[in-house]
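**Student:** Handing over entry-v6.pdb, PDB, C-alpha atoms.
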MODEL        1
ATOM      1  CA  MET A   1      -8.019   2.211  26.200
ATOM      2  CA  SER A   2     -10.040  -0.512  24.521
ATOM      3  CA  LYS A   3      -9.377  -4.147  25.263
ATOM      4  CA  VAL A   4      -8.348  -6.474  22.484
ATOM      5  CA  ARG A   5     -10.374  -9.594  21.802
ATOM      6  CA  PRO A   6      -8.899 -12.520  19.916
ATOM      7  CA  LEU A   7      -9.815 -12.583  16.256
ATOM      8  CA  THR A   8     -11.867 -15.422  14.843
ATOM      9  CA  ASP A   9     -10.354 -17.904  12.393
ATOM     10  CA  GLU A  10     -12.365 -16.206   9.637
ATOM     11  CA  GLN A  11     -10.944 -12.785  10.542
ATOM     12  CA  ILE A  12      -7.400 -14.208  10.613
ATOM     13  CA  ALA A  13      -7.974 -15.652   7.124
ATOM     14  CA  GLU A  14      -9.204 -12.224   5.932
ATOM     15  CA  HIS A  15      -6.073 -10.564   7.354
ATOM     16  CA  GLN A  16      -3.862 -13.167   5.628
ATOM     17  CA  LYS A  17      -5.546 -12.487   2.293
ATOM     18  CA  PHE A  18      -5.319  -8.729   2.866
ATOM     19  CA  ILE A  19      -1.557  -8.959   3.495
ATOM     20  CA  ASP A  20      -1.181 -11.047   0.331
ATOM     21  CA  ASP A  21      -3.328  -8.617  -1.684
ATOM     22  CA  LEU A  22      -1.108  -5.735  -0.524
ATOM     23  CA  GLY A  23       1.983  -7.531  -1.850
ATOM     24  CA  GLY A  24       2.995  -9.883   0.958
ATOM     25  CA  PRO A  25       4.953  -9.495   4.203
ATOM     26  CA  THR A  26       8.058  -7.901   2.677
ATOM     27  CA  THR A  27       6.071  -5.246   0.824
ATOM     28  CA  VAL A  28       3.810  -4.526   3.801
ATOM     29  CA  ALA A  29       6.811  -4.182   6.146
ATOM     30  CA  ALA A  30       8.489  -1.756   3.724
ATOM     31  CA  LEU A  31       5.284   0.264   3.397
ATOM     32  CA  VAL A  32       4.841   0.568   7.164
ATOM     33  CA  GLU A  33       8.485   1.562   7.582
ATOM     34  CA  HIS A  34       8.125   4.249   4.922
ATOM     35  CA  ARG A  35       4.728   5.614   5.937
ATOM     36  CA  LEU A  36       5.078   5.471   9.718
ATOM     37  CA  ASP A  37       8.848   5.972   9.931
ATOM     38  CA  ILE A  38       9.358   2.950  12.169
ATOM     39  CA  GLU A  39      11.426  -0.173  11.765
ATOM     40  CA  LEU A  40       9.319  -3.230  10.996
ATOM     41  CA  LYS A  41      10.766  -6.573   9.991
ATOM     42  CA  ARG A  42       9.218  -8.884   7.437
ATOM     43  CA  GLN A  43       9.054 -11.580  10.143
ATOM     44  CA  SER A  44       6.763  -9.357  12.207
ATOM     45  CA  VAL A  45       4.325  -9.067   9.323
ATOM     46  CA  SER A  46       4.551 -12.841   8.851
ATOM     47  CA  MET A  47       3.397 -13.200  12.466
ATOM     48  CA  TRP A  48       0.428 -10.960  11.653
ATOM     49  CA  ARG A  49      -0.659 -13.673   9.253
ATOM     50  CA  ARG A  50      -1.058 -15.992  12.266
ATOM     51  CA  ARG A  51      -2.357 -13.525  14.845
ATOM     52  CA  GLY A  52      -4.014 -10.777  12.822
ATOM     53  CA  ILE A  53      -2.852  -7.284  11.952
ATOM     54  CA  PRO A  54      -2.349  -5.145  15.077
ATOM     55  CA  GLN A  55      -4.810  -2.304  15.491
ATOM     56  CA  ASP A  56      -2.020   0.313  15.442
ATOM     57  CA  TYR A  57      -1.181  -0.438  11.788
ATOM     58  CA  ARG A  58      -4.641  -0.886  10.314
ATOM     59  CA  ALA A  59      -5.426   2.727   9.377
ATOM     60  CA  CYS A  60      -2.140   3.009   7.459
ATOM     61  CA  LEU A  61      -2.868  -0.208   5.566
ATOM     62  CA  VAL A  62      -6.435   0.854   4.761
ATOM     63  CA  THR A  63      -5.167   4.120   3.265
ATOM     64  CA  TRP A  64      -2.669   2.234   1.120
ATOM     65  CA  ALA A  65      -5.242  -0.372   0.094
ATOM     66  CA  GLU A  66      -7.598   2.374  -1.064
ATOM     67  CA  GLU A  67      -4.801   3.908  -3.145
ATOM     68  CA  LEU A  68      -4.123   0.520  -4.764
ATOM     69  CA  GLY A  69      -7.770  -0.436  -5.194
ATOM     70  CA  VAL A  70      -7.398  -3.428  -2.851
ATOM     71  CA  ASN A  71     -10.508  -4.574  -0.997
ATOM     72  CA  VAL A  72     -10.389  -4.029   2.767
ATOM     73  CA  PRO A  73     -11.872  -6.819   4.935
ATOM     74  CA  ASP A  74     -15.262  -6.090   6.516
ATOM     75  CA  LYS A  75     -15.032  -4.481   9.946
ATOM     76  CA  PHE A  76     -11.228  -4.400   9.577
ATOM     77  CA  ILE A  77     -10.693  -1.252  11.624
ATOM     78  CA  ASP A  78     -12.890  -2.411  14.515
ATOM     79  CA  ALA A  79     -12.159  -6.146  14.493
ATOM     80  CA  GLY A  80     -10.762  -7.267  17.821
ATOM     81  CA  LYS A  81     -11.872  -4.199  19.748
ATOM     82  CA  SER A  82     -14.189  -4.729  22.665
ATOM     83  CA  PRO A  83     -17.362  -2.673  22.577
ATOM     84  CA  PRO A  84     -17.278   0.427  24.757
ATOM     85  CA  PRO A  85     -18.480  -0.128  28.303
ATOM     86  CA  LYS A  86     -22.098   0.610  28.967
ATOM     87  CA  SER A  87     -22.569   3.800  30.886
ATOM     88  CA  GLU A  88     -24.181   3.384  34.228
ATOM     89  CA  GLU A  89     -27.664   4.728  34.244
ATOM     90  CA  VAL A  90     -28.390   7.245  36.924
ATOM     91  CA  PRO A  91     -31.919   6.853  38.190
ATOM     92  CA  PHE A  92     -34.099   9.894  37.826
ATOM     93  CA  LEU A  93     -34.666  11.485  41.176
ATOM     94  CA  GLU A  94     -38.093  12.898  41.818
TER      95      GLU A  94
ENDMDL
END
Would you mind giving the structure from this file in structure tokens?
**Tutor:**
Amino acid sequence: MSKVRPLTDEQIAEHQKFIDDLGGPTTVAALVEHRLDIELKRQSVSMWRRRGIPQDYRACLVTWAEELGVNVPDKFIDAGKSPPPKSEEVPFLE
């Protein structure tokens, strides 16, 4: 499981614009409910505007954005993920 890093202010602003471009919190909540068959309140999406869109919902929103022709923020899918841990090198034994 990857760790979550806080998003930068710039990334938060990109997520806010993305939510607005998709139709706003009410529309995004309805889309997620329909596409993922889960209950999501408009207030939850409003909180995403302050904290960033949770990783679990990003792929669904990217698919919808592509259908609508809405620009997806750079590095949207990977933003907030920590890089994978470096593998320990095993010294070559002679």
**Student:** Spell out the residues picked by the PyMOL selection byres ((chain A and resi 14-29) around 9) here, as a ChimeraX atom specification.
**Tutor:** /A:9-13,30-34,39-46,48-53,61,64-65,68,70-74,76
**Student:** So for range 50-59 of chain A, what box centre and size do we get, axis-aligned, 4 Å extra on each of the six sides, every listed atom, Å to one decimal, as lines of an AutoDock Vina configuration file?
**Tutor:**
center_x = -3.2
center_y = -6.6
center_z = 12.4
size_x = 12.4
size_y = 26.7
size_z = 14.1
**Student:** I'd like to know which of A:Pro6, A:Ile38, A:Met47, A:Ile77 is closest to Val62 in chain A, using all atoms listed in the file.
**Tutor:**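 With all atoms listed in the file as the atom set, the closest residue is A:Ile77.
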**Student:** May I ask which of the residues A:Thr63, A:Pro54, A:Gly69, A:Arg5 is the closest one to Arg35 in chain A, counting only C-alpha atoms?
**Tutor:**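 Of all the options, A:Thr63 lies closest to Arg35 in chain A.
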